[in-house]
file work-v2.cif (mmCIF, C-alpha atoms)
data_entry
loop_
_atom_site.label_atom_id
_atom_site.label_comp_id
_atom_site.auth_asym_id
_atom_site.auth_seq_id
_atom_site.Cartn_x
_atom_site.Cartn_y
_atom_site.Cartn_z
CA MET A 1 -24.27 -17.36 4.26
CA MET A 2 -26.00 -14.52 6.07
CA ASP A 3 -27.16 -16.94 8.74
CA ASN A 4 -23.57 -17.99 9.37
CA PRO A 5 -21.53 -14.87 10.15
CA ALA A 6 -18.63 -16.94 11.52
CA TYR A 7 -18.18 -18.72 8.20
CA LEU A 8 -18.42 -15.43 6.33
CA ALA A 9 -15.85 -13.71 8.54
CA ALA A 10 -13.49 -16.67 8.30
CA ALA A 11 -13.88 -16.81 4.51
CA ILE A 12 -13.14 -13.10 4.11
CA ALA A 13 -10.14 -13.31 6.45
CA THR A 14 -8.86 -16.36 4.54
CA MET A 15 -9.17 -14.54 1.23
CA ALA A 16 -7.40 -11.46 2.58
CA VAL A 17 -4.50 -13.47 4.04
CA VAL A 18 -3.88 -15.66 0.99
CA THR A 19 -4.10 -12.62 -1.25
CA TYR A 20 -1.59 -10.73 0.87
CA ILE A 21 1.00 -13.48 1.26
CA PRO A 22 1.99 -13.83 -2.43
CA ARG A 23 2.24 -10.06 -2.65
CA VAL A 24 4.46 -9.51 0.34
CA LEU A 25 6.62 -12.66 0.52
CA PRO A 26 8.90 -11.84 -2.42
CA LEU A 27 9.40 -8.32 -1.09
CA LEU A 28 10.49 -9.76 2.25
CA LEU A 29 12.48 -12.82 1.19
CA VAL A 30 13.58 -12.94 -2.40
CA ARG A 31 16.39 -10.71 -3.55
CA GLY A 32 17.11 -12.36 -6.88
CA ARG A 33 15.02 -13.76 -9.71
CA ILE A 34 13.19 -17.06 -9.88
CA GLN A 35 15.66 -19.40 -11.57
CA SER A 36 13.35 -22.18 -12.69
CA ASN A 37 12.33 -21.44 -16.24
CA PHE A 38 9.39 -23.80 -15.93
CA LEU A 39 8.09 -21.98 -12.88
CA ARG A 40 8.55 -18.58 -14.49
CA SER A 41 6.71 -19.74 -17.61
CA PHE A 42 3.98 -21.38 -15.52
CA LEU A 43 3.45 -18.17 -13.55
CA TYR A 44 3.40 -16.17 -16.77
CA TYR A 45 0.48 -18.21 -18.12
CA VAL A 46 -1.49 -18.44 -14.87
CA PRO A 47 -3.49 -15.18 -15.14
CA TYR A 48 -4.70 -16.00 -18.64
CA ALA A 49 -5.67 -19.53 -17.68
CA VAL A 50 -7.47 -18.38 -14.53
CA LEU A 51 -9.46 -15.65 -16.23
CA SER A 52 -10.40 -17.82 -19.22
CA GLY A 53 -11.42 -20.78 -17.07
CA MET A 54 -13.41 -18.52 -14.79
CA THR A 55 -15.25 -16.83 -17.65
CA ILE A 56 -16.32 -19.87 -19.64
CA PRO A 57 -18.61 -21.65 -18.95
CA ALA A 58 -19.70 -19.56 -15.90
CA ILE A 59 -20.61 -16.54 -18.03
CA PHE A 60 -23.54 -18.43 -19.56
CA SER A 61 -25.36 -18.51 -16.23
CA ALA A 62 -24.49 -14.91 -15.27
CA THR A 63 -27.53 -13.38 -16.94
CA THR A 64 -31.20 -14.28 -17.25
CA THR A 65 -30.74 -16.59 -20.25
CA PRO A 66 -27.67 -18.18 -21.92
CA VAL A 67 -28.72 -16.48 -25.18
CA SER A 68 -28.17 -12.95 -23.86
CA ALA A 69 -24.94 -14.07 -22.18
CA ALA A 70 -23.64 -15.49 -25.47
CA ALA A 71 -24.42 -12.21 -27.22
CA GLY A 72 -22.67 -10.27 -24.48
CA LEU A 73 -19.67 -12.59 -24.67
CA LEU A 74 -19.37 -12.12 -28.43
CA VAL A 75 -19.48 -8.34 -28.05
CA ALA A 76 -16.89 -8.50 -25.26
CA ILE A 77 -14.58 -10.64 -27.41
CA GLY A 78 -14.95 -8.25 -30.34
CA LEU A 79 -14.31 -5.15 -28.25
CA GLY A 80 -11.48 -6.88 -26.40
CA LEU A 81 -9.78 -7.92 -29.64
CA SER A 82 -9.84 -4.32 -30.80
CA GLY A 83 -8.10 -3.36 -27.57
CA ARG A 84 -10.85 -1.29 -25.92
CA THR A 85 -10.56 -0.35 -22.24
CA LEU A 86 -12.04 -2.54 -19.52
CA LEU A 87 -14.80 -0.04 -18.89
CA THR A 88 -15.83 0.10 -22.56
CA VAL A 89 -15.90 -3.69 -22.85
CA ALA A 90 -17.85 -4.12 -19.60
CA LEU A 91 -20.45 -1.52 -20.55
CA GLY A 92 -20.69 -2.78 -24.15
CA ALA A 93 -21.36 -6.34 -23.00
CA SER A 94 -23.83 -5.23 -20.32
CA GLY A 95 -25.68 -3.01 -22.81
CA THR A 96 -25.90 -5.88 -25.26
CA VAL A 97 -27.32 -8.19 -22.60
CA TRP A 98 -29.88 -5.57 -21.61
CA ILE A 99 -31.05 -5.03 -25.20
CA ILE A 100 -31.22 -8.75 -26.01
CA GLU A 101 -33.20 -9.49 -22.85
CA ARG A 102 -35.67 -6.65 -23.62
CA LEU A 103 -36.09 -8.08 -27.14
CA LEU A 104 -36.63 -11.60 -25.79
CA ALA A 105 -39.23 -10.25 -23.37
CA ILE A 106 -41.17 -8.71 -26.26
CA LEU A 107 -41.05 -11.81 -28.47
CA MET B 1 -6.29 -4.89 -16.02
CA TYR B 2 -3.28 -4.16 -18.17
CA THR B 3 -5.60 -2.43 -20.62
CA ILE B 4 -6.57 0.27 -18.13
CA TRP B 5 -2.92 0.98 -17.66
CA GLN B 6 -2.40 1.27 -21.41
CA GLY B 7 -5.31 3.64 -21.60
CA VAL B 8 -4.08 5.94 -18.86
CA SER B 9 -0.37 5.82 -19.56
CA ALA B 10 -0.58 8.76 -21.97
CA PHE B 11 -2.33 10.78 -19.29
CA ILE B 12 0.33 9.85 -16.75
CA CYS B 13 3.08 10.89 -19.14
CA LEU B 14 1.41 14.28 -19.47
CA ILE B 15 1.43 14.75 -15.71
CA ARG B 16 5.01 13.62 -15.45
CA GLU B 17 6.18 16.11 -18.08
CA ASP B 18 7.09 18.81 -15.61
CA ASN B 19 7.60 16.36 -12.78
CA ARG B 20 10.61 14.44 -14.01
CA PRO B 21 12.42 12.48 -11.33
CA SER B 22 15.63 14.10 -10.26
CA GLU B 23 17.49 14.60 -7.01
CA PHE B 24 14.16 15.99 -5.79
CA THR B 25 12.62 12.51 -5.95
CA LEU B 26 13.75 11.99 -2.40
CA LEU B 27 11.85 15.04 -1.23
CA THR B 28 8.57 14.19 0.41
CA GLY B 29 6.37 16.59 -1.51
CA ALA B 30 7.40 15.52 -5.00
CA ASP B 31 7.02 11.84 -4.17
CA VAL B 32 3.58 12.23 -2.65
CA ALA B 33 2.37 14.45 -5.47
CA SER B 34 3.55 12.18 -8.27
CA GLY B 35 2.23 9.11 -6.44
CA LEU B 36 -1.22 10.64 -6.12
CA ALA B 37 -1.17 11.86 -9.73
CA ASP B 38 -0.21 8.40 -10.99
CA GLY B 39 -2.86 6.78 -8.80
CA LEU B 40 -5.81 8.95 -9.83
CA PRO B 41 -6.57 7.32 -13.22
CA ILE B 42 -6.18 3.85 -11.67
CA GLY B 43 -8.61 4.81 -8.92
CA LEU B 44 -11.22 5.96 -11.43
CA GLY B 45 -10.96 2.74 -13.41
CA TYR B 46 -11.19 0.69 -10.22
CA PHE B 47 -14.32 2.53 -9.15
CA ALA B 48 -16.17 1.46 -12.28
CA VAL B 49 -15.10 -2.18 -12.10
CA SER B 50 -15.66 -2.63 -8.36
CA PHE B 51 -19.15 -1.15 -8.78
CA ALA B 52 -20.06 -4.39 -10.55
CA PHE B 53 -18.43 -6.40 -7.75
CA GLY B 54 -20.51 -4.63 -5.10
CA LEU B 55 -23.61 -5.26 -7.15
CA ALA B 56 -22.82 -8.96 -7.56
CA ALA B 57 -22.02 -9.38 -3.85
CA VAL B 58 -25.33 -7.91 -2.70
CA GLU B 59 -27.18 -9.79 -5.43
CA GLY B 60 -25.84 -13.03 -3.94
CA GLY B 61 -26.95 -12.13 -0.41
CA LEU B 62 -23.97 -10.35 1.15
CA SER B 63 -24.50 -7.10 3.03
CA ALA B 64 -23.10 -3.88 1.53
CA TRP B 65 -20.88 -3.64 4.59
CA MET B 66 -19.37 -7.11 4.04
CA ALA B 67 -18.82 -6.46 0.33
CA THR B 68 -16.95 -3.29 1.22
CA VAL B 69 -14.79 -5.08 3.79
CA ILE B 70 -13.83 -7.68 1.16
CA SER B 71 -12.68 -4.96 -1.23
CA LEU B 72 -10.83 -3.02 1.45
CA THR B 73 -8.93 -6.06 2.69
CA ASN B 74 -8.37 -7.89 -0.61
CA LEU B 75 -7.89 -5.20 -3.25
CA THR B 76 -7.97 -7.63 -6.16
CA SER B 77 -10.51 -8.41 -8.90
CA ALA B 78 -10.28 -12.00 -10.06
CA GLY B 79 -9.50 -13.37 -6.59
CA GLN B 80 -12.41 -11.54 -4.97
CA PHE B 81 -14.82 -12.61 -7.64
CA ALA B 82 -13.80 -16.25 -7.43
CA GLY B 83 -13.94 -16.08 -3.63
CA LEU B 84 -17.41 -14.59 -3.82
CA GLN B 85 -18.69 -17.49 -5.92
CA LEU B 86 -17.22 -19.99 -3.45
CA ILE B 87 -18.73 -18.14 -0.47
CA PHE B 88 -22.12 -18.19 -2.20
CA ALA B 89 -21.71 -21.93 -2.75
CA HIS B 90 -20.67 -22.28 0.92
CA ARG B 91 -17.48 -24.11 -0.04
CA PRO B 92 -14.90 -25.15 2.61
CA LEU B 93 -12.26 -22.61 3.64
CA VAL B 94 -9.42 -24.76 2.29
CA GLU B 95 -10.97 -24.61 -1.17
CA ILE B 96 -11.35 -20.84 -0.91
CA ALA B 97 -7.73 -20.53 0.21
CA LEU B 98 -6.36 -22.74 -2.59
CA THR B 99 -8.34 -21.01 -5.30
CA THR B 100 -7.45 -17.53 -4.11
CA VAL B 101 -3.77 -18.29 -3.69
CA LEU B 102 -3.58 -19.81 -7.16
CA ILE B 103 -5.30 -16.86 -8.78
CA ASN B 104 -2.96 -14.53 -6.93
CA LEU B 105 0.24 -16.41 -7.74
CA ARG B 106 0.95 -13.83 -10.41
CA TYR B 107 1.51 -11.24 -7.69
CA MET B 108 4.62 -13.17 -6.67
CA LEU B 109 6.13 -12.44 -10.05
CA MET B 110 5.23 -8.79 -9.74
CA SER B 111 6.50 -8.44 -6.18
CA LEU B 112 9.71 -10.18 -7.21
CA SER B 113 10.27 -7.63 -9.90
CA LEU B 114 9.13 -4.78 -7.66
CA SER B 115 11.65 -5.78 -4.97
CA GLN B 116 14.39 -4.72 -7.37
CA LYS B 117 12.86 -1.24 -7.70
CA LEU B 118 12.66 -0.31 -4.01
CA VAL B 119 15.04 2.30 -2.65
CA PRO B 120 17.87 0.42 -0.89
CA GLY B 121 17.31 0.31 2.85
CA THR B 122 13.53 0.09 2.62
CA GLY B 123 12.61 -1.40 5.99
CA LEU B 124 10.49 -4.35 7.08
CA VAL B 125 7.36 -2.38 8.03
CA GLN B 126 7.60 -0.39 4.83
CA ARG B 127 7.86 -3.56 2.78
CA LEU B 128 4.84 -4.99 4.60
CA LEU B 129 2.85 -1.90 3.62
CA ILE B 130 4.06 -1.73 0.01
CA GLY B 131 3.26 -5.42 -0.46
CA PHE B 132 -0.41 -4.81 0.29
CA GLY B 133 -0.65 -2.51 -2.72
CA VAL B 134 0.71 -4.86 -5.38
CA THR B 135 -2.05 -5.01 -7.99
CA ASP B 136 -1.75 -5.41 -11.76
CA GLU B 137 -2.06 -1.68 -12.43
CA ILE B 138 -0.11 -0.38 -9.43
CA TYR B 139 2.68 -2.77 -10.30
CA ALA B 140 2.66 -1.62 -13.94
CA VAL B 141 2.89 2.03 -12.93
CA SER B 142 5.56 1.33 -10.29
CA VAL B 143 7.96 -0.50 -12.57
CA SER B 144 7.62 2.12 -15.29
CA HIS B 145 8.43 4.87 -12.79
CA PRO B 146 11.94 6.07 -13.62
CA GLY B 147 14.56 5.24 -11.02
CA SER B 148 14.00 3.65 -7.63
CA ILE B 149 10.72 4.09 -5.80
CA SER B 150 10.39 5.33 -2.25
CA THR B 151 7.91 4.13 0.33
CA ARG B 152 6.22 7.54 0.22
CA TYR B 153 5.72 7.23 -3.52
CA SER B 154 4.38 3.67 -3.22
CA LEU B 155 1.89 4.52 -0.49
CA SER B 156 0.75 7.71 -2.24
CA LEU B 157 0.26 5.68 -5.40
CA LEU B 158 -1.81 3.13 -3.44
CA LEU B 159 -4.17 5.64 -1.78
CA LEU B 160 -6.54 6.61 -4.62
CA PRO B 161 -6.82 3.12 -6.17
CA LEU B 162 -7.69 1.73 -2.72
CA LEU B 163 -10.30 4.45 -2.21
CA GLY B 164 -11.68 3.90 -5.72
CA TRP B 165 -11.87 0.12 -5.33
CA THR B 166 -13.49 0.26 -1.89
CA GLY B 167 -15.77 3.20 -2.67
CA GLY B 168 -16.89 1.67 -5.97
CA THR B 169 -17.83 -1.55 -4.18
CA LEU B 170 -19.86 0.31 -1.55
CA THR B 171 -21.59 2.43 -4.21
CA GLY B 172 -22.42 -0.62 -6.32
CA ALA B 173 -23.66 -2.51 -3.28
CA LEU B 174 -25.95 0.34 -2.24
CA ALA B 175 -27.10 1.06 -5.80
CA GLY B 176 -28.22 -2.55 -6.10
CA SER B 177 -31.51 -1.83 -4.38
CA VAL B 178 -32.16 1.25 -6.54
CA LEU B 179 -31.36 -0.11 -9.99
CA PRO B 180 -34.16 -1.91 -11.87
CA GLY B 181 -33.89 -5.71 -12.09
CA SER B 182 -33.26 -5.68 -15.83
CA VAL B 183 -30.18 -3.47 -15.37
CA ARG B 184 -28.90 -5.62 -12.49
CA ALA B 185 -29.23 -8.74 -14.63
CA ALA B 186 -27.38 -7.07 -17.49
CA LEU B 187 -24.55 -5.95 -15.18
CA GLY B 188 -24.09 -9.56 -14.10
CA ILE B 189 -21.94 -10.01 -17.17
CA ALA B 190 -19.73 -6.96 -16.47
CA LEU B 191 -16.99 -8.76 -14.52
CA TYR B 192 -16.74 -11.57 -17.06
CA ALA B 193 -16.57 -8.99 -19.84
CA MET B 194 -13.72 -7.35 -17.96
CA PHE B 195 -11.83 -10.66 -17.82
CA VAL B 196 -12.38 -11.06 -21.56
CA ALA B 197 -11.03 -7.55 -22.08
CA ILE B 198 -7.87 -8.41 -20.12
CA VAL B 199 -7.17 -11.64 -21.98
CA MET B 200 -8.14 -10.86 -25.59
CA PRO B 201 -5.39 -8.35 -26.54
CA THR B 202 -2.70 -10.84 -25.45
CA ILE B 203 -4.47 -13.79 -27.09
CA ARG B 204 -4.44 -11.83 -30.31
CA ARG B 205 -0.68 -11.41 -30.41
CA SER B 206 0.43 -14.59 -28.61
CA ARG B 207 -0.43 -18.02 -29.93
CA PRO B 208 0.75 -19.81 -26.74
CA VAL B 209 -1.50 -17.62 -24.58
CA ALA B 210 -4.40 -18.40 -26.93
CA LEU B 211 -3.66 -22.11 -26.52
CA VAL B 212 -3.45 -21.82 -22.74
CA ALA B 213 -6.73 -19.90 -22.61
CA GLY B 214 -8.41 -22.47 -24.86
CA VAL B 215 -7.23 -25.40 -22.77
CA ALA B 216 -8.36 -23.67 -19.56
CA VAL B 217 -11.82 -23.09 -21.03
CA GLY B 218 -11.94 -26.70 -22.19
CA VAL B 219 -10.98 -28.20 -18.83
CA SER B 220 -13.27 -25.82 -16.95
CA THR B 221 -16.22 -26.65 -19.21
CA LEU B 222 -15.52 -30.36 -18.99
CA ILE B 223 -15.56 -30.27 -15.20
CA ALA B 224 -18.72 -28.15 -15.18
CA GLN B 225 -20.62 -30.40 -17.59
CA ALA B 226 -19.25 -33.95 -17.72
CA PRO B 227 -20.03 -36.38 -14.90
CA PRO B 228 -18.30 -37.76 -12.88
CA LEU B 229 -15.93 -34.78 -13.20
CA THR B 230 -18.77 -32.52 -12.04
CA MET B 231 -18.00 -33.53 -8.45
CA LEU B 232 -15.01 -31.16 -8.79
CA ARG B 233 -17.23 -28.23 -9.70
CA GLY B 234 -16.54 -24.99 -7.86
CA GLY B 235 -13.06 -24.09 -6.70
CA TRP B 236 -11.29 -27.21 -7.95
CA GLN B 237 -12.65 -26.51 -11.38
CA ILE B 238 -10.60 -23.31 -11.70
CA ILE B 239 -7.57 -24.75 -9.90
CA LEU B 240 -7.35 -27.79 -12.18
CA ALA B 241 -8.07 -25.79 -15.34
CA THR B 242 -5.33 -23.33 -14.40
CA ILE B 243 -2.71 -25.92 -13.50
CA VAL B 244 -3.31 -28.09 -16.57
CA ALA B 245 -3.39 -25.16 -19.00
CA SER B 246 -0.46 -23.21 -17.50
CA ALA B 247 1.75 -26.30 -17.18
CA LEU B 248 0.98 -27.20 -20.78
CA GLY B 249 1.94 -23.68 -21.84
CA ALA B 250 5.14 -23.79 -19.77
CA VAL B 251 6.15 -27.12 -21.37
CA LEU B 252 5.19 -26.33 -24.97
CA ALA B 253 6.13 -22.66 -25.05
CA PRO B 254 8.50 -21.79 -22.19
CA ILE B 255 9.19 -18.11 -21.60
CA HIS B 256 12.87 -17.31 -21.98
CA VAL B 257 14.59 -15.91 -18.93
CA GLY B 258 15.36 -12.26 -19.33
CA GLU B 259 12.98 -11.84 -22.23
CA PRO B 260 12.11 -8.15 -22.35
CA GLY B 261 8.62 -7.18 -21.35
CA GLN B 262 7.91 -10.55 -19.83
CA THR B 263 6.66 -9.50 -16.44
CA GLU B 264 5.10 -6.38 -17.89
CA GLU B 265 2.89 -8.56 -20.05
CA VAL B 266 1.39 -10.41 -17.12
CA SER B 267 -2.01 -8.98 -16.40
#
call {"tool": "encode", "arguments": {"input": "work-v2.cif", "output": "structure tokens"}}
result
Amino acid sequence: MMDNPAYLAAAIATMAVVTYIPRVLPLLLVRGRIQSNFLRSFLYYVPYAVLSGMTIPAIFSATTTPVSAAAGLLVAIGLGLSGRTLLTVALGASGTVWIIERLLAIL
Amino acid sequence: MYTIWQGVSAFICLIREDNRPSEFTLLTGADVASGLADGLPIGLGYFAVSFAFGLAAVEGGLSAWMATVISLTNLTSAGQFAGLQLIFAHRPLVEIALTTVLINLRYMLMSLSLSQKLVPGTGLVQRLLIGFGVTDEIYAVSVSHPGSISTRYSLSLLLLPLLGWTGGTLTGALAGSVLPGSVRAALGIALYAMFVAIVMPTIRRSRPVALVAGVAVGVSTLIAQAPPLTMLRGGWQIILATIVASALGAVLAPIHVGEPGQTEEVS
């Protein structure tokens, strides 16, 4: 994308605009609450669906080998279940990946 | 992102102890001071997470400058990360727009709720500015702020998180060339680990959320692996996974209107 600065600029502008609109529209227009229970429920579940669908399967190609990624994922799930902070979970998973990949390099 | 807020809330309460809102809330100084104090822990957390974003952006071929502009103008984690993947894959703008808007739909819920907290008479320009700062954590802090919130408070609250998010991205982007390759590879998992950290606590206590997450993973994996569905790989993968899973959740386990803590639980 570095050889196409126009595409890059347009992509970044697009992202910025469509991120801003959902944030600002309700502040400008809506005074009451969303009435549709389906829509409210749908919106409630969206973040969890997005994050889960984005994480798996993509996480398995985020490191050098799927093996280290799987180990990192397991550690992240464990730390996440015990309610650790984002920083702890991120560093724990990254540390695990680093150790596993060093081990694999030795073997 | 909700987890950061949980982690810092005790700290915020400490600061608020001798800074209780009163008739002085309308005074400039008190509003700015409490906004900055509330924003500091968010900014620190953002710095750490956006460091990984800057790293990933440069790793994929973006300049440090471009990565920083993305963070400054977007101020969001999941949306930026998804957008980054699509930019790397050189996907069409419409796909980038659809994916980003879907991921950021949750902000509508938050802004809706936040609109009830604004001091009456908050003007158009002020609302335009406040809207830019609606993130998971800033929203969580705003709605738990006692009483109405002024524009001065909102913008003071926004300042340090924005600096942390943008500065962390720049630092991560520049550090990319200094860090050894093995560390860079290991940090590639950091953002995904963060998403796991956001979702897991809620999955643990909510069966419907666990179901929704499972279905999203299933649909996403199916599209990534099973031809001919693989033609949808990329942005449509996340859009379809999200719509199918969230709609299923909304049909099978609708959230009851007025249920306490509902919007607060959205991360």
call {"tool": "residues_around", "arguments": {"input": "work-v2.cif", "residues": "Ala13 of chain A", "least_positions_apart": "6", "cutoff": "10 Å", "atoms": "only C-alpha atoms", "output": "VMD selection string"}}
result
(chain A and resid 7 19) or (chain B and resid 69 to 70 73 to 74 93 97)
call {"tool": "interface_residues", "arguments": {"input": "work-v2.cif", "of": "chain A", "to": "chain B", "cutoff": "6 Å", "atoms": "only C-alpha atoms", "output": "PyMOL selection string"}}
result
chain A and resi 16+18+22-24+26-27+38+41-43+45-46+48-53+55-57+62-63+76+80-81+83+85-86+90+94+97-98
call {"tool": "atom_distance", "arguments": {"input": "work-v2.cif", "atom1": "atom CA of Gly39 of chain B", "atom2": "atom CA of Leu157 of chain B"}}
result
4.7 Å
call {"tool": "closest_residue", "arguments": {"input": "work-v2.cif", "among": "A:Ile12, A:Ala93, A:Leu28, A:Val17", "to": "Ile59 of chain A", "atoms": "all atoms listed in the file"}}
result
A:Ala93
call {"tool": "atom_distance", "arguments": {"input": "work-v2.cif", "atom1": "atom CA of Tyr139 of chain B", "atom2": "atom CA of Ala57 of chain B"}}
result
26.4 Å
call {"tool": "atom_distance", "arguments": {"input": "work-v2.cif", "atom1": "atom CA of Leu104 of chain A", "atom2": "atom CA of Gln85 of chain B"}}
result
27.4 Å
call {"tool": "residues_around", "arguments": {"input": "work-v2.cif", "residues": "segment 146-154 of chain B", "least_positions_apart": "6", "cutoff": "6 Å", "atoms": "only C-alpha atoms", "output": "list in words"}}
result
Asp31, Val32, Gly35, Lys117, Leu118 and Val119 of chain B
call {"tool": "decode", "arguments": {"input": "work-v2.cif", "residues": "segment 122-130 of chain B", "atoms": "all heavy atoms", "output": "PDB file, in the first residue's frame"}}
result
ATOM      1  N   THR B 122     -26.155  21.731  26.283  1.00  0.00           N
ATOM      2  CA  THR B 122     -24.891  21.468  25.602  1.00  0.00           C
ATOM      3  C   THR B 122     -25.096  21.659  24.097  1.00  0.00           C
ATOM      4  O   THR B 122     -25.976  21.035  23.516  1.00  0.00           O
ATOM      5  CB  THR B 122     -24.409  20.035  25.887  1.00  0.00           C
ATOM      6  OG1 THR B 122     -24.297  19.857  27.297  1.00  0.00           O
ATOM      7  CG2 THR B 122     -23.061  19.786  25.250  1.00  0.00           C
ATOM      8  N   GLY B 123     -24.279  22.535  23.504  1.00  0.00           N
ATOM      9  CA  GLY B 123     -24.520  22.961  22.131  1.00  0.00           C
ATOM     10  C   GLY B 123     -24.034  22.000  21.065  1.00  0.00           C
ATOM     11  O   GLY B 123     -23.439  20.963  21.364  1.00  0.00           O
ATOM     12  N   LEU B 124     -24.293  22.355  19.816  1.00  0.00           N
ATOM     13  CA  LEU B 124     -23.973  21.496  18.675  1.00  0.00           C
ATOM     14  C   LEU B 124     -22.476  21.229  18.565  1.00  0.00           C
ATOM     15  O   LEU B 124     -22.045  20.082  18.474  1.00  0.00           O
ATOM     16  CB  LEU B 124     -24.490  22.151  17.386  1.00  0.00           C
ATOM     17  CG  LEU B 124     -24.114  21.438  16.085  1.00  0.00           C
ATOM     18  CD1 LEU B 124     -24.866  20.115  15.979  1.00  0.00           C
ATOM     19  CD2 LEU B 124     -24.415  22.308  14.871  1.00  0.00           C
ATOM     20  N   VAL B 125     -21.672  22.294  18.588  1.00  0.00           N
ATOM     21  CA  VAL B 125     -20.223  22.134  18.447  1.00  0.00           C
ATOM     22  C   VAL B 125     -19.674  21.301  19.607  1.00  0.00           C
ATOM     23  O   VAL B 125     -18.822  20.430  19.422  1.00  0.00           O
ATOM     24  CB  VAL B 125     -19.527  23.512  18.397  1.00  0.00           C
ATOM     25  CG1 VAL B 125     -18.014  23.337  18.353  1.00  0.00           C
ATOM     26  CG2 VAL B 125     -20.002  24.295  17.188  1.00  0.00           C
ATOM     27  N   GLN B 126     -20.207  21.555  20.787  1.00  0.00           N
ATOM     28  CA  GLN B 126     -19.750  20.795  21.950  1.00  0.00           C
ATOM     29  C   GLN B 126     -20.082  19.317  21.805  1.00  0.00           C
ATOM     30  O   GLN B 126     -19.277  18.441  22.121  1.00  0.00           O
ATOM     31  CB  GLN B 126     -20.401  21.380  23.209  1.00  0.00           C
ATOM     32  CG  GLN B 126     -19.907  22.792  23.500  1.00  0.00           C
ATOM     33  CD  GLN B 126     -20.784  23.515  24.495  1.00  0.00           C
ATOM     34  OE1 GLN B 126     -22.006  23.432  24.426  1.00  0.00           O
ATOM     35  NE2 GLN B 126     -20.149  24.223  25.415  1.00  0.00           N
ATOM     36  N   ARG B 127     -21.280  19.032  21.295  1.00  0.00           N
ATOM     37  CA  ARG B 127     -21.658  17.638  21.088  1.00  0.00           C
ATOM     38  C   ARG B 127     -20.780  16.972  20.023  1.00  0.00           C
ATOM     39  O   ARG B 127     -20.431  15.804  20.136  1.00  0.00           O
ATOM     40  CB  ARG B 127     -23.137  17.540  20.684  1.00  0.00           C
ATOM     41  CG  ARG B 127     -24.085  17.730  21.850  1.00  0.00           C
ATOM     42  CD  ARG B 127     -25.533  17.939  21.416  1.00  0.00           C
ATOM     43  NE  ARG B 127     -26.349  18.311  22.568  1.00  0.00           N
ATOM     44  CZ  ARG B 127     -27.049  17.425  23.289  1.00  0.00           C
ATOM     45  NH1 ARG B 127     -27.068  16.162  22.947  1.00  0.00           N
ATOM     46  NH2 ARG B 127     -27.748  17.823  24.334  1.00  0.00           N
ATOM     47  N   LEU B 128     -20.428  17.741  18.995  1.00  0.00           N
ATOM     48  CA  LEU B 128     -19.548  17.211  17.950  1.00  0.00           C
ATOM     49  C   LEU B 128     -18.192  16.820  18.541  1.00  0.00           C
ATOM     50  O   LEU B 128     -17.595  15.817  18.160  1.00  0.00           O
ATOM     51  CB  LEU B 128     -19.353  18.242  16.842  1.00  0.00           C
ATOM     52  CG  LEU B 128     -20.559  18.487  15.926  1.00  0.00           C
ATOM     53  CD1 LEU B 128     -20.308  19.671  15.000  1.00  0.00           C
ATOM     54  CD2 LEU B 128     -20.874  17.240  15.108  1.00  0.00           C
ATOM     55  N   LEU B 129     -17.708  17.630  19.486  1.00  0.00           N
ATOM     56  CA  LEU B 129     -16.411  17.358  20.110  1.00  0.00           C
ATOM     57  C   LEU B 129     -16.500  16.176  21.089  1.00  0.00           C
ATOM     58  O   LEU B 129     -15.651  15.292  21.090  1.00  0.00           O
ATOM     59  CB  LEU B 129     -15.900  18.600  20.845  1.00  0.00           C
ATOM     60  CG  LEU B 129     -15.485  19.774  19.952  1.00  0.00           C
ATOM     61  CD1 LEU B 129     -15.174  21.005  20.798  1.00  0.00           C
ATOM     62  CD2 LEU B 129     -14.267  19.395  19.116  1.00  0.00           C
ATOM     63  N   ILE B 130     -17.541  16.174  21.904  1.00  0.00           N
ATOM     64  CA  ILE B 130     -17.697  15.102  22.893  1.00  0.00           C
ATOM     65  C   ILE B 130     -17.839  13.754  22.191  1.00  0.00           C
ATOM     66  O   ILE B 130     -17.294  12.748  22.622  1.00  0.00           O
ATOM     67  CB  ILE B 130     -18.914  15.374  23.799  1.00  0.00           C
ATOM     68  CG1 ILE B 130     -18.649  16.616  24.662  1.00  0.00           C
ATOM     69  CG2 ILE B 130     -19.228  14.170  24.675  1.00  0.00           C
ATOM     70  CD1 ILE B 130     -19.868  17.115  25.419  1.00  0.00           C
TER      71      ILE B 130
END
